[in-house]
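Chemist: This is structure03.cif, which holds mmCIF, C-alpha atoms and all ligand atoms:
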data_target
#
loop_
_atom_site.group_PDB
_atom_site.id
_atom_site.type_symbol
_atom_site.label_atom_id
_atom_site.label_comp_id
_atom_site.auth_asym_id
_atom_site.auth_seq_id
_atom_site.Cartn_x
_atom_site.Cartn_y
_atom_site.Cartn_z
ATOM 1 C CA MET A 1 160.332 149.727 303.649
ATOM 2 C CA GLU A 2 161.233 146.067 304.290
ATOM 3 C CA LEU A 3 162.495 145.562 307.836
ATOM 4 C CA TYR A 4 164.187 142.438 309.186
ATOM 5 C CA PRO A 5 162.542 141.309 312.449
ATOM 6 C CA ILE A 6 164.953 140.032 315.097
ATOM 7 C CA SER A 7 165.087 139.440 318.861
ATOM 8 C CA LEU A 8 168.088 141.299 320.217
ATOM 9 C CA ASN A 9 170.153 140.298 323.258
ATOM 10 C CA VAL A 10 170.848 143.533 325.174
ATOM 11 C CA LYS A 11 171.752 141.955 328.509
ATOM 12 C CA ASN A 12 174.436 144.063 330.266
ATOM 13 C CA LYS A 13 175.028 146.026 327.053
ATOM 14 C CA LYS A 14 175.285 149.803 327.179
ATOM 15 C CA CYS A 15 172.005 151.178 325.885
ATOM 16 C CA VAL A 16 171.472 154.925 325.931
ATOM 17 C CA VAL A 17 168.169 156.753 325.841
ATOM 18 C CA VAL A 18 168.573 160.442 324.998
ATOM 19 C CA GLY A 19 165.609 162.399 326.352
ATOM 20 C CA GLY A 20 163.529 161.833 329.448
ATOM 21 C CA GLY A 21 159.865 162.310 328.460
ATOM 22 C CA ASN A 22 157.015 159.803 328.285
ATOM 23 C CA VAL A 23 158.252 158.086 325.144
ATOM 24 C CA ALA A 24 161.758 157.805 326.590
ATOM 25 C CA GLU A 25 160.209 156.301 329.735
ATOM 26 C CA ARG A 26 158.448 153.590 327.709
ATOM 27 C CA LYS A 27 161.666 152.677 325.906
ATOM 28 C CA VAL A 28 163.630 152.646 329.204
ATOM 29 C CA LYS A 29 161.112 150.244 330.754
ATOM 30 C CA SER A 30 161.219 147.826 327.844
ATOM 31 C CA LEU A 31 165.035 147.860 327.802
ATOM 32 C CA LEU A 32 165.096 147.337 331.558
ATOM 33 C CA ALA A 33 162.873 144.266 331.213
ATOM 34 C CA CYS A 34 165.641 142.838 329.007
ATOM 35 C CA SER A 35 168.412 143.577 331.564
ATOM 36 C CA ALA A 36 170.209 146.228 329.515
ATOM 37 C CA ASN A 37 172.773 148.526 331.133
ATOM 38 C CA ILE A 38 170.815 151.757 330.695
ATOM 39 C CA TYR A 39 171.948 155.377 330.629
ATOM 40 C CA VAL A 40 169.493 158.235 330.276
ATOM 41 C CA ILE A 41 170.895 161.514 329.018
ATOM 42 C CA SER A 42 168.512 164.404 329.575
ATOM 43 C CA PRO A 43 168.305 167.651 331.529
ATOM 44 C CA GLN A 44 164.786 166.673 332.603
ATOM 45 C CA ILE A 45 163.222 163.297 333.278
ATOM 46 C CA THR A 46 159.818 161.929 334.297
ATOM 47 C CA LYS A 47 159.105 160.963 337.898
ATOM 48 C CA ASN A 48 159.255 157.258 337.013
ATOM 49 C CA ILE A 49 162.651 157.566 335.325
ATOM 50 C CA GLU A 50 163.845 159.510 338.367
ATOM 51 C CA ASP A 51 162.701 156.671 340.634
ATOM 52 C CA LEU A 52 164.541 154.112 338.499
ATOM 53 C CA SER A 53 167.640 156.265 338.810
ATOM 54 C CA LEU A 54 167.248 156.589 342.601
ATOM 55 C CA TYR A 55 166.929 152.804 342.891
ATOM 56 C CA LYS A 56 170.048 152.463 340.706
ATOM 57 C CA LYS A 57 168.220 150.496 338.009
ATOM 58 C CA ILE A 58 169.525 152.989 335.453
ATOM 59 C CA SER A 59 172.120 155.777 335.338
ATOM 60 C CA TRP A 60 170.945 159.335 334.724
ATOM 61 C CA LEU A 61 173.273 161.896 333.210
ATOM 62 C CA LYS A 62 171.603 165.226 333.826
ATOM 63 C CA GLU A 63 172.893 166.967 330.743
ATOM 64 C CA GLU A 64 172.218 167.691 327.110
ATOM 65 C CA PHE A 65 173.282 165.313 324.392
ATOM 66 C CA ALA A 66 176.926 165.256 323.380
ATOM 67 C CA PRO A 67 178.495 162.626 321.067
ATOM 68 C CA ASN A 68 181.195 161.607 323.565
ATOM 69 C CA LEU A 69 178.440 160.354 325.900
ATOM 70 C CA ILE A 70 177.365 157.641 323.454
ATOM 71 C CA HIS A 71 180.569 156.694 321.624
ATOM 72 C CA ASP A 72 180.845 153.275 323.317
ATOM 73 C CA SER A 73 177.146 152.371 323.148
ATOM 74 C CA PHE A 74 175.697 149.187 321.752
ATOM 75 C CA LEU A 75 172.332 150.816 321.090
ATOM 76 C CA VAL A 76 170.931 154.338 321.274
ATOM 77 C CA ILE A 77 167.389 155.662 321.325
ATOM 78 C CA ALA A 78 167.019 159.279 320.240
ATOM 79 C CA ALA A 79 163.953 160.303 322.243
ATOM 80 C CA THR A 80 164.173 164.066 322.600
ATOM 81 C CA ASN A 81 161.456 166.435 321.398
ATOM 82 C CA ASN A 82 164.059 168.189 319.250
ATOM 83 C CA ARG A 83 164.153 166.885 315.668
ATOM 84 C CA ILE A 84 167.525 168.439 314.960
ATOM 85 C CA ILE A 85 169.163 166.810 317.983
ATOM 86 C CA ASN A 86 167.523 163.475 317.147
ATOM 87 C CA GLU A 87 168.908 163.699 313.630
ATOM 88 C CA GLU A 88 172.373 164.555 314.920
ATOM 89 C CA ILE A 89 172.250 161.468 317.175
ATOM 90 C CA SER A 90 171.163 159.341 314.226
ATOM 91 C CA LYS A 91 173.991 160.570 311.996
ATOM 92 C CA TYR A 92 176.592 159.938 314.693
ATOM 93 C CA CYS A 93 175.301 156.401 315.264
ATOM 94 C CA GLU A 94 175.125 155.543 311.573
ATOM 95 C CA LYS A 95 178.708 156.695 311.150
ATOM 96 C CA ASN A 96 179.890 154.699 314.140
ATOM 97 C CA ASN A 97 177.866 151.529 313.522
ATOM 98 C CA ILE A 98 175.710 151.929 316.614
ATOM 99 C CA LEU A 99 172.135 150.647 316.515
ATOM 100 C CA VAL A 100 169.818 153.650 316.583
ATOM 101 C CA ASN A 101 166.096 154.202 316.984
ATOM 102 C CA VAL A 102 164.807 157.729 316.415
ATOM 103 C CA ILE A 103 161.348 158.159 317.899
ATOM 104 C CA ASP A 104 160.193 160.798 315.447
ATOM 105 C CA SER A 105 161.780 159.495 312.256
ATOM 106 C CA MET A 106 161.737 156.044 310.799
ATOM 107 C CA GLU A 107 164.016 157.188 307.991
ATOM 108 C CA ASN A 108 166.741 158.091 310.493
ATOM 109 C CA SER A 109 166.388 154.816 312.434
ATOM 110 C CA ASN A 110 168.043 151.530 311.649
ATOM 111 C CA PHE A 111 165.562 149.754 313.872
ATOM 112 C CA ILE A 112 162.074 150.488 315.177
ATOM 113 C CA VAL A 113 160.433 149.033 318.278
ATOM 114 C CA ASN A 114 157.531 146.601 317.968
ATOM 115 C CA ALA A 115 154.514 146.357 320.247
ATOM 116 C CA THR A 116 155.320 143.230 322.236
ATOM 117 C CA MET A 117 153.477 140.878 324.575
ATOM 118 C CA LYS A 118 155.112 138.204 326.712
ATOM 119 C CA GLN A 119 153.760 135.092 328.331
ATOM 120 C CA ASN A 120 156.811 133.517 329.995
ATOM 121 C CA ASP A 121 159.060 132.721 327.050
ATOM 122 C CA LEU A 122 156.361 133.167 324.447
ATOM 123 C CA VAL A 123 157.032 136.540 322.831
ATOM 124 C CA ILE A 124 154.731 138.012 320.208
ATOM 125 C CA SER A 125 155.740 141.238 318.518
ATOM 126 C CA VAL A 126 153.611 143.343 316.225
ATOM 127 C CA SER A 127 154.845 145.844 313.683
ATOM 128 C CA THR A 128 152.943 148.074 311.309
ATOM 129 C CA SER A 129 156.232 149.228 309.738
ATOM 130 C CA GLY A 130 155.594 152.641 311.241
ATOM 131 C CA LYS A 131 152.199 153.111 309.594
ATOM 132 C CA SER A 132 150.109 152.946 312.770
ATOM 133 C CA PRO A 133 151.677 152.384 316.203
ATOM 134 C CA ALA A 134 148.175 152.679 317.698
ATOM 135 C CA LEU A 135 147.046 149.675 315.644
ATOM 136 C CA ALA A 136 150.168 147.718 316.647
ATOM 137 C CA ARG A 137 149.251 148.380 320.266
ATOM 138 C CA LYS A 138 145.605 147.343 319.730
ATOM 139 C CA ILE A 139 146.554 144.071 318.041
ATOM 140 C CA LYS A 140 149.013 143.368 320.860
ATOM 141 C CA GLU A 141 146.234 143.845 323.439
ATOM 142 C CA GLU A 142 144.045 141.392 321.482
ATOM 143 C CA LEU A 143 146.865 138.841 321.355
ATOM 144 C CA LYS A 144 147.324 139.154 325.119
ATOM 145 C CA LEU A 145 143.756 137.950 325.574
ATOM 146 C CA LYS A 146 144.156 135.083 323.102
ATOM 147 C CA TYR A 147 147.520 133.812 324.389
ATOM 148 C CA GLY A 148 147.041 133.600 328.139
ATOM 149 C CA LYS A 149 148.845 131.844 330.994
ATOM 150 C CA GLU A 150 148.171 128.377 329.543
ATOM 151 C CA TYR A 151 150.567 129.103 326.677
ATOM 152 C CA GLY A 152 153.302 130.041 329.130
ATOM 153 C CA ILE A 153 152.816 126.724 330.922
ATOM 154 C CA LEU A 154 152.636 124.830 327.615
ATOM 155 C CA LEU A 155 155.930 126.363 326.575
ATOM 156 C CA GLU A 156 157.537 125.417 329.886
ATOM 157 C CA ILE A 157 156.536 121.790 329.342
ATOM 158 C CA LEU A 158 157.652 121.846 325.703
ATOM 159 C CA GLY A 159 160.990 123.392 326.683
ATOM 160 C CA GLU A 160 161.629 120.653 329.283
ATOM 161 C CA THR A 161 160.513 117.985 326.813
ATOM 162 C CA ARG A 162 162.788 119.352 324.095
ATOM 163 C CA GLU A 163 165.901 118.304 325.999
ATOM 164 C CA LEU A 164 164.472 114.837 326.670
ATOM 165 C CA VAL A 165 163.503 114.412 323.033
ATOM 166 C CA LYS A 166 166.963 115.396 321.828
ATOM 167 C CA ALA A 167 168.508 112.837 324.183
ATOM 168 C CA ASN A 168 166.060 110.039 323.365
ATOM 169 C CA ILE A 169 165.089 110.322 319.708
ATOM 170 C CA SER A 170 168.240 110.142 317.632
ATOM 171 C CA ASP A 171 166.614 110.453 314.225
ATOM 172 C CA GLU A 172 166.212 114.113 313.212
ATOM 173 C CA ASN A 173 163.081 113.504 311.141
ATOM 174 C CA LEU A 174 161.408 111.639 313.993
ATOM 175 C CA ARG A 175 162.301 114.492 316.354
ATOM 176 C CA LYS A 176 160.745 116.970 313.987
ATOM 177 C CA GLU A 177 157.633 114.802 313.725
ATOM 178 C CA PHE A 178 157.381 114.609 317.528
ATOM 179 C CA PHE A 179 157.865 118.352 318.051
ATOM 180 C CA THR A 180 155.302 119.163 315.372
ATOM 181 C CA LYS A 181 152.687 116.670 316.545
ATOM 182 C CA VAL A 182 152.945 117.292 320.284
ATOM 183 C CA ILE A 183 151.599 120.839 319.910
ATOM 184 C CA ASP A 184 148.496 119.507 318.143
ATOM 185 C CA THR A 185 147.570 117.163 320.987
ATOM 186 C CA GLU A 186 145.168 117.705 323.888
ATOM 187 C CA ILE A 187 147.993 119.042 326.095
ATOM 188 C CA LEU A 188 146.782 122.614 325.848
ATOM 189 C CA ASP A 189 143.244 121.608 326.836
ATOM 190 C CA LEU A 190 144.574 119.753 329.873
ATOM 191 C CA ILE A 191 146.538 122.826 330.942
ATOM 192 C CA LYS A 192 143.418 124.965 330.506
ATOM 193 C CA GLN A 193 141.611 122.532 332.827
ATOM 194 C CA GLU A 194 144.488 123.035 335.295
ATOM 195 C CA LYS A 195 145.601 119.405 334.859
ATOM 196 C CA VAL A 196 149.256 120.294 334.442
ATOM 197 C CA ILE A 197 150.629 117.117 336.031
ATOM 198 C CA GLU A 198 148.462 114.993 333.726
ATOM 199 C CA ALA A 199 149.628 117.072 330.739
ATOM 200 C CA LYS A 200 153.273 116.438 331.636
ATOM 201 C CA ARG A 201 152.585 112.722 332.138
ATOM 202 C CA ARG A 202 150.962 112.449 328.689
ATOM 203 C CA VAL A 203 153.882 114.132 326.963
ATOM 204 C CA LYS A 204 156.343 111.818 328.731
ATOM 205 C CA SER A 205 154.438 108.653 327.927
ATOM 206 C CA TRP A 206 154.079 109.751 324.325
ATOM 207 C CA LEU A 207 157.786 110.320 324.201
ATOM 208 C CA LEU A 208 158.483 106.853 325.612
ATOM 209 C CA SER A 209 156.239 105.231 323.011
ATOM 210 C CA HIS A 210 158.057 107.002 320.187
HETATM 211 C C1 LIG B 301 158.184 154.265 313.866
HETATM 212 C C2 LIG B 301 158.089 154.079 315.386
HETATM 213 C C3 LIG B 301 159.492 154.363 315.902
HETATM 214 C C4 LIG B 301 159.773 153.811 317.308
HETATM 215 O O1 LIG B 301 159.467 154.506 318.262
HETATM 216 O O2 LIG B 301 160.321 152.696 317.387
HETATM 217 C C5 LIG B 301 157.073 154.984 316.047
HETATM 218 C C6 LIG B 301 156.862 156.306 315.710
HETATM 219 C C7 LIG B 301 155.879 157.186 316.212
HETATM 220 N N1 LIG B 301 154.912 156.846 317.114
HETATM 221 C C8 LIG B 301 154.090 157.913 317.341
HETATM 222 C C9 LIG B 301 152.931 157.895 318.131
HETATM 223 C C10 LIG B 301 152.463 156.834 318.941
HETATM 224 N N2 LIG B 301 153.188 155.742 319.330
HETATM 225 C C11 LIG B 301 152.440 154.938 320.124
HETATM 226 C C12 LIG B 301 152.867 153.731 320.717
HETATM 227 C C13 LIG B 301 153.961 152.974 320.388
HETATM 228 N N3 LIG B 301 154.851 153.281 319.392
HETATM 229 C C14 LIG B 301 155.664 152.226 319.149
HETATM 230 C C15 LIG B 301 156.572 152.142 318.097
HETATM 231 C C16 LIG B 301 156.809 153.040 317.076
HETATM 232 N N4 LIG B 301 156.424 154.342 317.055
HETATM 233 C C17 LIG B 301 157.601 152.695 315.848
HETATM 234 C C18 LIG B 301 156.680 152.053 314.800
HETATM 235 C C19 LIG B 301 156.073 150.756 315.290
HETATM 236 C C20 LIG B 301 155.182 150.143 314.277
HETATM 237 O O3 LIG B 301 154.187 150.715 313.871
HETATM 238 O O4 LIG B 301 155.529 149.028 313.857
HETATM 239 C C21 LIG B 301 155.348 151.079 320.057
HETATM 240 C C22 LIG B 301 154.700 149.976 319.216
HETATM 241 C C23 LIG B 301 156.550 150.463 320.740
HETATM 242 C C24 LIG B 301 157.270 151.380 321.721
HETATM 243 O O5 LIG B 301 157.466 152.553 321.463
HETATM 244 O O6 LIG B 301 157.611 150.848 322.771
HETATM 245 C C25 LIG B 301 154.367 151.721 321.072
HETATM 246 C C26 LIG B 301 153.210 150.809 321.530
HETATM 247 C C27 LIG B 301 153.532 150.353 322.925
HETATM 248 C C28 LIG B 301 152.692 149.224 323.397
HETATM 249 O O7 LIG B 301 153.107 148.094 323.205
HETATM 250 O O8 LIG B 301 151.637 149.450 324.021
HETATM 251 C C29 LIG B 301 151.135 155.515 320.230
HETATM 252 C C30 LIG B 301 149.978 154.851 320.961
HETATM 253 C C31 LIG B 301 149.940 155.122 322.423
HETATM 254 O O9 LIG B 301 150.810 155.801 322.961
HETATM 255 O O10 LIG B 301 148.962 154.646 323.000
HETATM 256 C C32 LIG B 301 151.144 156.723 319.520
HETATM 257 C C33 LIG B 301 149.982 157.701 319.317
HETATM 258 C C34 LIG B 301 149.019 157.121 318.288
HETATM 259 C C35 LIG B 301 149.627 156.902 316.896
HETATM 260 O O11 LIG B 301 150.311 157.777 316.389
HETATM 261 O O12 LIG B 301 149.408 155.792 316.332
HETATM 262 C C36 LIG B 301 154.615 159.031 316.622
HETATM 263 C C37 LIG B 301 154.039 160.438 316.659
HETATM 264 C C38 LIG B 301 153.036 160.656 315.591
HETATM 265 C C39 LIG B 301 152.587 162.102 315.601
HETATM 266 O O13 LIG B 301 153.414 162.978 315.303
HETATM 267 O O14 LIG B 301 151.429 162.339 315.928
HETATM 268 C C40 LIG B 301 155.726 158.564 315.929
HETATM 269 C C41 LIG B 301 156.594 159.325 314.956
HETATM 270 C C42 LIG B 301 156.146 159.181 313.554
HETATM 271 O O15 LIG B 301 155.143 158.532 313.236
HETATM 272 O O16 LIG B 301 156.834 159.798 312.730
HETATM 273 N N1 LIG B 302 157.999 156.752 318.795
HETATM 274 C C1 LIG B 302 156.938 156.869 319.540
HETATM 275 O O1 LIG B 302 156.415 155.881 320.045
HETATM 276 C C2 LIG B 302 156.336 158.229 319.755
HETATM 277 C C3 LIG B 302 156.989 159.359 319.292
HETATM 278 N N2 LIG B 302 156.469 160.597 319.509
HETATM 279 C C4 LIG B 302 157.335 161.748 319.094
HETATM 280 O O2 LIG B 302 158.323 161.866 320.125
HETATM 281 C C5 LIG B 302 158.502 163.212 320.559
HETATM 282 C C6 LIG B 302 158.910 163.277 322.049
HETATM 283 O O3 LIG B 302 157.976 162.636 322.833
HETATM 284 P P1 LIG B 302 157.798 162.878 324.410
HETATM 285 O O4 LIG B 302 158.544 161.850 325.166
HETATM 286 O O5 LIG B 302 156.365 162.989 324.680
HETATM 287 O O6 LIG B 302 158.519 164.311 324.621
HETATM 288 P P2 LIG B 302 158.679 165.223 325.908
HETATM 289 O O7 LIG B 302 158.557 166.628 325.473
HETATM 290 O O8 LIG B 302 157.844 164.734 327.035
HETATM 291 O O9 LIG B 302 160.186 164.957 326.345
HETATM 292 C C7 LIG B 302 161.292 165.413 325.656
HETATM 293 C C8 LIG B 302 162.523 165.132 326.474
HETATM 294 O O10 LIG B 302 163.678 165.427 325.713
HETATM 295 C C9 LIG B 302 164.635 166.058 326.556
HETATM 296 N N3 LIG B 302 165.562 166.851 325.724
HETATM 297 C C10 LIG B 302 165.294 167.931 324.952
HETATM 298 N N4 LIG B 302 166.430 168.366 324.374
HETATM 299 C C11 LIG B 302 167.430 167.536 324.755
HETATM 300 C C12 LIG B 302 168.818 167.455 324.493
HETATM 301 N N5 LIG B 302 169.428 168.351 323.694
HETATM 302 N N6 LIG B 302 169.532 166.462 325.056
HETATM 303 C C13 LIG B 302 168.934 165.561 325.872
HETATM 304 N N7 LIG B 302 167.629 165.588 326.162
HETATM 305 C C14 LIG B 302 166.890 166.559 325.620
HETATM 306 C C15 LIG B 302 163.790 166.914 327.473
HETATM 307 O O11 LIG B 302 164.513 167.235 328.656
HETATM 308 C C16 LIG B 302 162.619 165.972 327.749
HETATM 309 O O12 LIG B 302 162.939 165.100 328.824
HETATM 310 C C17 LIG B 302 157.159 163.858 320.229
HETATM 311 O O13 LIG B 302 157.402 165.228 319.975
HETATM 312 C C18 LIG B 302 156.675 163.084 318.996
HETATM 313 O O14 LIG B 302 157.183 163.659 317.814
HETATM 314 C C19 LIG B 302 155.298 160.743 320.190
HETATM 315 C C20 LIG B 302 154.581 159.674 320.652
HETATM 316 C C21 LIG B 302 155.074 158.318 320.487
#
For the structure just supplied, provide its representation as structure tokens.
Modeler:
Amino acid sequence: MELYPISLNVKNKKCVVVGGGNVAERKVKSLLACSANIYVISPQITKNIEDLSLYKKISWLKEEFAPNLIHDSFLVIAATNNRIINEEISKYCEKNNILVNVIDSMENSNFIVNATMKQNDLVISVSTSGKSPALARKIKEELKLKYGKEYGILLEILGETRELVKANISDENLRKEFFTKVIDTEILDLIKQEKVIEAKRRVKSWLLSH
């Protein structure tokens, strides 16, 4: 199956996780990291989900799934251990144009969740299109080692520079040339040597000479 990879903005949007087991907990945590407005619907929940509820990071509805609980959702994750319930959730969402991820059925999902690593604003997501989540996780762990803190710092500098470049280089082709070349310079090496100020100075002087 061909899937279209996107980065979704869930900030303050109603996202519902049905079920409260370990898989539900993982999905809750990743949604929370993206500032979603989270509801968990489940008679039972893990200790960690309970803590999040106590600290008011999420809302817990201690009940079994019912369609009226999700009708106004932006996104739903069907994470119960009951295939029939998960399928019912999927059907309801499909009919009502709600994004739905079903943890035990790719066929009933209109999106699946990638294994993702973050280094500041650098986000790398890995998908195996459902063939091996364990491999997706392994590759993600490898990428974490390869793309360490220095890339986060590099991206911070590049982000700041981007605004300056837009204001100072009016020609679009020249801007593209600058953006493409700057990442091939020694900036990353300087950051690795903890010479961040020098790295910033080099980028600026390069910009001025452009
Ligand atoms: C289709 C998909 C739907 C979805 O959930 O979105 C799905 C489905 C299923 N996963 C199952 C098992 C496991 N899932 C994990 C881990 C993760 N699973 C995630 C995603 C996805 N899992 C989607 C496909 C993603 C892709 O491949 O591109 C990750 C990446 C993201 C996340 O969930 O946050 C997260 C890594 C988190 C991280 O970053 O570390 C592990 C490993 C572990 O826990 O260590 C195992 C055990 C080992 C194994 O099975 O590989 C089973 C039960 C199989 C059975 O019956 O035995 C099903 C159901 C089925 O296959 O039908
Ligand atoms: N997508 C993924 O990454 C993975 C998926 N799986 C699949 O996911 C299934 C569930 O995983 P776990 O979290 O370990 O299950 P679990 O058994 O720990 O938790 C199930 C949860 O569903 C709740 N629940 C059951 N019926 C419900 C209902 N009618 N309404 C609301 N909540 C209800 C229960 O109270 C419980 O909190 C597994 O059986 C497996 O098939 C397993 C591993 C990873």
Chemist: As a quick test: using all atoms listed in the file, which residues lie no more than 7 Å away from ligand LIG 302 (chain B)? Give them as a PyMOL selection string.
Modeler: chain A and resi 18-24+41-45+63-65+79-82+85+103-104
Chemist: Check which residues fall inside 8 Å of ligand LIG 301 (chain B) when counting only C-alpha atoms and all ligand atoms, and print them as an mmCIF file with C-alpha atoms, keeping the file's coordinate frame.
Modeler:
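Wrote selection-v1.cif, looks like this:
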data_model
loop_
_atom_site.group_PDB
_atom_site.id
_atom_site.type_symbol
_atom_site.label_atom_id
_atom_site.label_comp_id
_atom_site.auth_asym_id
_atom_site.auth_seq_id
_atom_site.Cartn_x
_atom_site.Cartn_y
_atom_site.Cartn_z
ATOM 1 C CA VAL A 23 158.252 158.086 325.144
ATOM 2 C CA ARG A 26 158.448 153.590 327.709
ATOM 3 C CA LYS A 27 161.666 152.677 325.906
ATOM 4 C CA SER A 30 161.219 147.826 327.844
ATOM 5 C CA ASN A 101 166.096 154.202 316.984
ATOM 6 C CA VAL A 102 164.807 157.729 316.415
ATOM 7 C CA ILE A 103 161.348 158.159 317.899
ATOM 8 C CA ASP A 104 160.193 160.798 315.447
ATOM 9 C CA SER A 105 161.780 159.495 312.256
ATOM 10 C CA MET A 106 161.737 156.044 310.799
ATOM 11 C CA SER A 109 166.388 154.816 312.434
ATOM 12 C CA PHE A 111 165.562 149.754 313.872
ATOM 13 C CA ILE A 112 162.074 150.488 315.177
ATOM 14 C CA VAL A 113 160.433 149.033 318.278
ATOM 15 C CA ASN A 114 157.531 146.601 317.968
ATOM 16 C CA ALA A 115 154.514 146.357 320.247
ATOM 17 C CA THR A 116 155.320 143.230 322.236
ATOM 18 C CA MET A 117 153.477 140.878 324.575
ATOM 19 C CA VAL A 126 153.611 143.343 316.225
ATOM 20 C CA SER A 127 154.845 145.844 313.683
ATOM 21 C CA THR A 128 152.943 148.074 311.309
ATOM 22 C CA SER A 129 156.232 149.228 309.738
ATOM 23 C CA GLY A 130 155.594 152.641 311.241
ATOM 24 C CA LYS A 131 152.199 153.111 309.594
ATOM 25 C CA SER A 132 150.109 152.946 312.770
ATOM 26 C CA PRO A 133 151.677 152.384 316.203
ATOM 27 C CA ALA A 134 148.175 152.679 317.698
ATOM 28 C CA LEU A 135 147.046 149.675 315.644
ATOM 29 C CA ALA A 136 150.168 147.718 316.647
ATOM 30 C CA ARG A 137 149.251 148.380 320.266
ATOM 31 C CA LYS A 138 145.605 147.343 319.730
ATOM 32 C CA LYS A 140 149.013 143.368 320.860
ATOM 33 C CA GLU A 141 146.234 143.845 323.439
#
Chemist: Padding 5 Å on each side, edges along x, y and z: where is the centre of the box around the listed atoms of region 74-90 of chain A, and how long are its edges in Å to one decimal? Output it as AutoDock Vina command-line options.
Modeler:
--center_x 168.6 --center_y 158.8 --center_z 318.1 --size_x 24.2 --size_y 29.3 --size_z 19.0
Chemist: Report, in Å to a single decimal, how far apart CA of Lys47 (chain A) and CA of Val10 (chain A) are.
Modeler: 24.6 Å
Chemist: Report, in Å to a single decimal, how far apart CA of Ile124 (chain A) and CA of Ile6 (chain A) are.
Modeler: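 Going from CA of Ile6 (chain A) over to CA of Ile124 (chain A) covers 11.6 Å.
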Chemist: Which distance in Å separates CA of Leu3 (chain A) and CA of Val76 (chain A), to one decimal?
Modeler: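 So the two atoms, CA of Leu3 (chain A) and CA of Val76 (chain A), lie 18.1 Å apart.
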Chemist: When you look at region 11-16 of chain A with a cut-off of 7 Å (counting only C-alpha atoms), what residues show up, excluding the ones that are within fewer than 3 positions of it in the same chain? I need them as a list in words.
Modeler: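 Using only C-alpha atoms, the neighbours found are Cys34, Ser35, Ala36, Asn37, Ile38, Tyr39, Val40, Ile70, Ser73, Phe74, Leu75, Val76 and Ile77 of chain A.
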Chemist: From the list A:Phe179, A:Tyr55, A:Trp60, A:Tyr147, which residue is nearest Gln119 (chain A) when using all atoms listed in the file?
Modeler: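 Nearest candidate to Gln119 (chain A) out of A:Phe179, A:Tyr55, A:Trp60, A:Tyr147: A:Tyr147.
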Chemist: Using the chain letters and numbers from the file, give me the residues hit by the PyMOL selection byres (((chain A and resi 165) around 12) and not hetatm), as an mmCIF file with C-alpha atoms, in the frame of the given file.
Modeler:
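Contents of out09.cif, as written:
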data_model
loop_
_atom_site.group_PDB
_atom_site.id
_atom_site.type_symbol
_atom_site.label_atom_id
_atom_site.label_comp_id
_atom_site.auth_asym_id
_atom_site.auth_seq_id
_atom_site.Cartn_x
_atom_site.Cartn_y
_atom_site.Cartn_z
ATOM 1 C CA ILE A 157 156.536 121.790 329.342
ATOM 2 C CA LEU A 158 157.652 121.846 325.703
ATOM 3 C CA GLY A 159 160.990 123.392 326.683
ATOM 4 C CA GLU A 160 161.629 120.653 329.283
ATOM 5 C CA THR A 161 160.513 117.985 326.813
ATOM 6 C CA ARG A 162 162.788 119.352 324.095
ATOM 7 C CA GLU A 163 165.901 118.304 325.999
ATOM 8 C CA LEU A 164 164.472 114.837 326.670
ATOM 9 C CA LYS A 166 166.963 115.396 321.828
ATOM 10 C CA ALA A 167 168.508 112.837 324.183
ATOM 11 C CA ASN A 168 166.060 110.039 323.365
ATOM 12 C CA ILE A 169 165.089 110.322 319.708
ATOM 13 C CA SER A 170 168.240 110.142 317.632
ATOM 14 C CA ASP A 171 166.614 110.453 314.225
ATOM 15 C CA GLU A 172 166.212 114.113 313.212
ATOM 16 C CA ASN A 173 163.081 113.504 311.141
ATOM 17 C CA LEU A 174 161.408 111.639 313.993
ATOM 18 C CA ARG A 175 162.301 114.492 316.354
ATOM 19 C CA LYS A 176 160.745 116.970 313.987
ATOM 20 C CA GLU A 177 157.633 114.802 313.725
ATOM 21 C CA PHE A 178 157.381 114.609 317.528
ATOM 22 C CA PHE A 179 157.865 118.352 318.051
ATOM 23 C CA VAL A 182 152.945 117.292 320.284
ATOM 24 C CA VAL A 203 153.882 114.132 326.963
ATOM 25 C CA LYS A 204 156.343 111.818 328.731
ATOM 26 C CA SER A 205 154.438 108.653 327.927
ATOM 27 C CA TRP A 206 154.079 109.751 324.325
ATOM 28 C CA LEU A 207 157.786 110.320 324.201
ATOM 29 C CA LEU A 208 158.483 106.853 325.612
ATOM 30 C CA SER A 209 156.239 105.231 323.011
ATOM 31 C CA HIS A 210 158.057 107.002 320.187
#
Chemist: Between A:Glu150, A:Ile89, A:Thr180, A:Glu156, which is the closest to Asn68 (chain A) once you count only C-alpha atoms?
Modeler: A:Ile89
Chemist: Do you know which residues the PyMOL selection byres (((chain A and resi 148) around 12) and not hetatm) returns on this file, as a list of chain:residue names?
Modeler: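 For this structure, the PyMOL selection byres (((chain A and resi 148) around 12) and not hetatm) resolves to A:Met117, A:Lys118, A:Gln119, A:Asn120, A:Leu122, A:Val123, A:Ile124, A:Glu141, A:Glu142, A:Leu143, A:Lys144, A:Leu145, A:Lys146, A:Tyr147, A:Lys149, A:Glu150, A:Tyr151, A:Gly152, A:Ile153, A:Leu154, A:Leu155, A:Leu188, A:Ile191, A:Lys192.
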